[in-house]
$ cat start.pdb   # PDB, C-alpha atoms, pLDDT in the B column
MODEL        1
ATOM      1  CA  MET A 909    -162.158  89.918 148.313  1.00 40.00           C
ATOM      2  CA  SER A 910    -164.289  87.123 146.884  1.00 41.00           C
ATOM      3  CA  GLU A 911    -163.880  83.520 147.984  1.00 42.00           C
ATOM      4  CA  GLY A 912    -164.086  82.038 144.484  1.00 42.00           C
ATOM      5  CA  PRO A 913    -161.526  82.050 141.713  1.00 44.00           C
ATOM      6  CA  SER A 914    -161.514  85.081 139.514  1.00 42.00           C
ATOM      7  CA  ASP A 915    -160.065  85.912 136.148  1.00 42.00           C
ATOM      8  CA  ASN A 916    -157.301  88.382 136.885  1.00 44.00           C
ATOM      9  CA  SER A 917    -154.784  89.587 134.344  1.00 42.00           C
ATOM     10  CA  THR A 918    -151.773  89.385 136.656  1.00 47.00           C
ATOM     11  CA  GLY A 919    -151.748  85.590 136.739  1.00 47.00           C
ATOM     12  CA  GLU A 920    -151.639  85.668 140.515  1.00 46.00           C
ATOM     13  CA  PRO A 921    -153.824  83.258 142.443  1.00 46.00           C
ATOM     14  CA  THR A 922    -156.918  84.464 144.203  1.00 48.00           C
ATOM     15  CA  ARG A 923    -158.324  83.457 147.577  1.00 50.00           C
ATOM     16  CA  GLY A 924    -160.058  80.395 146.110  1.00 51.00           C
ATOM     17  CA  HIS A 925    -156.818  79.127 144.525  1.00 48.00           C
ATOM     18  CA  PRO A 926    -156.622  75.339 145.016  1.00 63.00           C
ATOM     19  CA  ARG A 927    -153.759  73.968 147.094  1.00 72.00           C
ATOM     20  CA  THR A 928    -152.702  71.613 144.320  1.00 82.00           C
ATOM     21  CA  SER A 929    -152.207  74.563 142.015  1.00 85.00           C
ATOM     22  CA  THR A 930    -149.849  76.141 144.552  1.00 86.00           C
ATOM     23  CA  VAL A 931    -147.852  72.916 144.693  1.00 90.00           C
ATOM     24  CA  VAL A 932    -147.698  72.866 140.904  1.00 92.00           C
ATOM     25  CA  ASP A 933    -146.535  76.510 140.815  1.00 90.00           C
ATOM     26  CA  VAL A 934    -143.752  75.827 143.333  1.00 91.00           C
ATOM     27  CA  PHE A 935    -142.736  72.655 141.489  1.00 94.00           C
ATOM     28  CA  LEU A 936    -142.622  74.467 138.130  1.00 93.00           C
ATOM     29  CA  TYR A 937    -140.463  77.238 139.573  1.00 93.00           C
ATOM     30  CA  ALA A 938    -138.039  74.765 141.175  1.00 93.00           C
ATOM     31  CA  ALA A 939    -137.893  72.644 138.010  1.00 95.00           C
ATOM     32  CA  ALA A 940    -137.247  75.719 135.845  1.00 95.00           C
ATOM     33  CA  ARG A 941    -134.381  76.765 138.120  1.00 94.00           C
ATOM     34  CA  LEU A 942    -132.854  73.273 138.021  1.00 96.00           C
ATOM     35  CA  LEU A 943    -133.189  73.093 134.240  1.00 96.00           C
ATOM     36  CA  LEU A 944    -131.450  76.458 133.976  1.00 96.00           C
ATOM     37  CA  VAL A 945    -128.527  75.124 136.048  1.00 96.00           C
ATOM     38  CA  ALA A 946    -128.349  71.990 133.887  1.00 97.00           C
ATOM     39  CA  ALA A 947    -128.407  73.996 130.656  1.00 97.00           C
ATOM     40  CA  LEU A 948    -125.771  76.446 131.880  1.00 96.00           C
ATOM     41  CA  SER A 949    -123.590  73.552 133.049  1.00 96.00           C
ATOM     42  CA  GLY A 950    -123.751  72.010 129.600  1.00 96.00           C
ATOM     43  CA  VAL A 951    -122.952  75.307 127.916  1.00 96.00           C
ATOM     44  CA  ILE A 952    -119.992  76.021 130.219  1.00 95.00           C
ATOM     45  CA  TYR A 953    -118.613  72.507 129.809  1.00 95.00           C
ATOM     46  CA  GLY A 954    -119.141  72.617 126.041  1.00 94.00           C
ATOM     47  CA  VAL A 955    -117.406  75.980 125.700  1.00 94.00           C
ATOM     48  CA  ALA A 956    -114.461  74.721 127.759  1.00 94.00           C
ATOM     49  CA  ARG A 957    -114.140  71.652 125.530  1.00 92.00           C
ATOM     50  CA  TRP A 958    -114.501  73.804 122.412  1.00 94.00           C
ATOM     51  CA  LEU A 959    -111.680  76.044 123.654  1.00 93.00           C
ATOM     52  CA  GLY A 960    -109.467  72.966 123.972  1.00 91.00           C
ATOM     53  CA  VAL A 961    -109.557  72.443 127.759  1.00 89.00           C
ATOM     54  CA  THR A 962    -109.672  68.632 127.861  1.00 87.00           C
ATOM     55  CA  GLN A 963    -109.265  68.230 131.628  1.00 90.00           C
ATOM     56  CA  PHE A 964    -112.180  70.490 132.623  1.00 89.00           C
ATOM     57  CA  PRO A 965    -114.096  68.893 135.542  1.00 92.00           C
ATOM     58  CA  VAL A 966    -117.882  68.734 135.259  1.00 93.00           C
ATOM     59  CA  VAL A 967    -118.168  69.738 138.937  1.00 94.00           C
ATOM     60  CA  VAL A 968    -116.498  73.066 138.161  1.00 94.00           C
ATOM     61  CA  ALA A 969    -118.978  73.660 135.323  1.00 94.00           C
ATOM     62  CA  VAL A 970    -121.896  72.880 137.655  1.00 95.00           C
ATOM     63  CA  LEU A 971    -120.559  75.208 140.367  1.00 96.00           C
ATOM     64  CA  PHE A 972    -120.103  78.051 137.888  1.00 95.00           C
ATOM     65  CA  ALA A 973    -123.588  77.360 136.540  1.00 96.00           C
ATOM     66  CA  LEU A 974    -125.056  77.538 140.063  1.00 96.00           C
ATOM     67  CA  ILE A 975    -123.428  80.892 140.681  1.00 96.00           C
ATOM     68  CA  ILE A 976    -124.640  82.284 137.353  1.00 95.00           C
ATOM     69  CA  ALA A 977    -128.130  80.718 137.595  1.00 95.00           C
ATOM     70  CA  MET A 978    -128.984  82.168 141.014  1.00 93.00           C
ATOM     71  CA  PRO A 979    -129.521  85.793 139.949  1.00 93.00           C
ATOM     72  CA  LEU A 980    -130.397  84.871 136.361  1.00 93.00           C
ATOM     73  CA  GLY A 981    -133.184  82.522 137.472  1.00 92.00           C
ATOM     74  CA  ILE A 982    -134.730  85.154 139.700  1.00 91.00           C
ATOM     75  CA  TRP A 983    -134.844  87.555 136.774  1.00 93.00           C
ATOM     76  CA  LEU A 984    -135.877  85.077 134.051  1.00 93.00           C
ATOM     77  CA  PHE A 985    -138.551  83.268 136.049  1.00 93.00           C
ATOM     78  CA  ALA A 986    -140.078  86.253 137.858  1.00 93.00           C
ATOM     79  CA  PRO A 987    -143.680  85.434 136.826  1.00 92.00           C
ATOM     80  CA  LEU A 988    -143.325  81.849 138.084  1.00 91.00           C
ATOM     81  CA  ARG A 989    -141.763  83.092 141.317  1.00 92.00           C
ATOM     82  CA  ARG A 990    -144.554  85.613 141.883  1.00 92.00           C
ATOM     83  CA  ARG A 991    -147.255  82.970 141.324  1.00 92.00           C
ATOM     84  CA  ALA A 992    -145.561  80.507 143.685  1.00 90.00           C
ATOM     85  CA  THR A 993    -144.997  83.179 146.348  1.00 90.00           C
ATOM     86  CA  ALA A 994    -148.585  84.417 146.124  1.00 91.00           C
ATOM     87  CA  GLY A 995    -149.912  80.863 146.432  1.00 89.00           C
ATOM     88  CA  LEU A 996    -147.728  80.210 149.478  1.00 90.00           C
ATOM     89  CA  ALA A 997    -148.843  83.485 151.063  1.00 91.00           C
ATOM     90  CA  ILE A 998    -152.491  82.535 150.596  1.00 90.00           C
ATOM     91  CA  SER A 999    -151.853  79.100 152.098  1.00 87.00           C
ATOM     92  CA  GLY A1000    -150.068  80.686 155.061  1.00 89.00           C
ATOM     93  CA  GLU A1001    -152.937  83.107 155.629  1.00 92.00           C
ATOM     94  CA  ARG A1002    -155.451  80.248 155.456  1.00 90.00           C
ATOM     95  CA  ARG A1003    -153.447  78.229 158.010  1.00 91.00           C
ATOM     96  CA  ARG A1004    -153.171  81.244 160.317  1.00 93.00           C
ATOM     97  CA  ARG A1005    -156.922  81.852 160.135  1.00 92.00           C
ATOM     98  CA  GLU A1006    -157.716  78.162 160.785  1.00 92.00           C
ATOM     99  CA  ARG A1007    -155.299  78.101 163.724  1.00 93.00           C
ATOM    100  CA  GLU A1008    -156.941  81.191 165.244  1.00 91.00           C
ATOM    101  CA  GLN A1009    -160.375  79.599 164.866  1.00 91.00           C
ATOM    102  CA  LEU A1010    -159.121  76.397 166.497  1.00 91.00           C
ATOM    103  CA  HIS A1011    -157.634  78.329 169.440  1.00 91.00           C
ATOM    104  CA  ALA A1012    -160.897  80.242 169.845  1.00 89.00           C
ATOM    105  CA  ARG A1013    -162.903  76.999 169.883  1.00 89.00           C
ATOM    106  CA  LEU A1014    -160.503  75.456 172.417  1.00 89.00           C
ATOM    107  CA  ARG A1015    -160.998  78.483 174.682  1.00 88.00           C
ATOM    108  CA  GLY A1016    -164.764  78.031 174.361  1.00 86.00           C
ATOM    109  CA  GLU A1017    -165.268  81.189 172.326  1.00 81.00           C
ATOM    110  CA  THR A1018    -167.251  81.314 169.138  1.00 75.00           C
ATOM    111  CA  ALA A1019    -164.946  82.113 166.269  1.00 57.00           C
ATOM    112  CA  PRO A1020    -166.358  84.368 163.544  1.00 60.00           C
ATOM    113  CA  ASP A1021    -166.696  82.583 160.218  1.00 61.00           C
ATOM    114  CA  HIS A1022    -166.422  85.782 158.207  1.00 53.00           C
ATOM    115  CA  GLU A1023    -163.569  88.102 157.363  1.00 55.00           C
ATOM    116  CA  PRO A1024    -162.841  90.833 159.934  1.00 56.00           C
ATOM    117  CA  ASP A1025    -163.250  93.485 157.222  1.00 55.00           C
ATOM    118  CA  ALA A1026    -166.655  92.186 156.127  1.00 51.00           C
ATOM    119  CA  PRO A1027    -169.646  94.318 157.153  1.00 53.00           C
ATOM    120  CA  GLU A1028    -172.058  92.622 159.498  1.00 52.00           C
ATOM    121  CA  ALA A1029    -175.677  92.237 158.466  1.00 48.00           C
TER     122      ALA A1029
ENDMDL
END
$ encode --input "start.pdb" --output "structure tokens"
Amino acid sequence: MSEGPSDNSTGEPTRGHPRTSTVVDVFLYAAARLLLVAALSGVIYGVARWLGVTQFPVVVAVLFALIIAMPLGIWLFAPLRRRATAGLAISGERRRREREQLHARLRGETAPDHEPDAPEA
């Protein structure tokens, strides 16, 4: 796999995906989920008021919205979730590789700078 960014049609990050972009992807996914809860809360509260329930607590509307938004958000925001998950997986792999190189240097070994799958010249 190449180290630089590539134009892929899936929208998933590549190995060269900047860390700030991963943070933005995670933030967008979290914000979209919170906005979904807020919108559903408003709709539930509005419908209750429209039906004539004057003593309907907002907390109940928010709790119902949370329950409804959990599976709905996973389904509606699947592309955002996949991008955020892929970015986090790449970051985790990068940290694991850096940690292995650090441990190898601390043991006095020379850590390979290339991928294990890469052919040697």
$ residues_around --input "start.pdb" --residues "Pro965 of chain A" --least-positions-apart "4" --cutoff "10 Å" --atoms "all atoms listed in the file" --output "PyMOL selection string"
chain A and resi 953+956+961+969-970
$ residues_around --input "start.pdb" --residues "segment 992-1007 of chain A" --least-positions-apart "3" --cutoff "6 Å" --atoms "only C-alpha atoms" --output "list in words"
Thr930, Asp933, Val934, Arg989 and Leu1010 of chain A
$ closest_residue --input "start.pdb" --among "A:Phe935, A:Gln963, A:Gly950, A:Leu1014" --to "Arg991 of chain A" --atoms "all atoms listed in the file"
A:Phe935
$ atom_distance --input "start.pdb" --atom1 "atom CA of Ser949 of chain A" --atom2 "atom CA of Ala977 of chain A"
9.6 Å
$ atom_distance --input "start.pdb" --atom1 "atom CA of Val951 of chain A" --atom2 "atom CA of Val966 of chain A"
11.1 Å
$ resolve_selection --input "start.pdb" --expression "the PyMOL selection byres ((chain A and resi 937) around 10)" --output "count of residues only"
22
$ atom_distance --input "start.pdb" --atom1 "atom CA of Trp958 of chain A" --atom2 "atom CA of Met978 of chain A"
25.0 Å
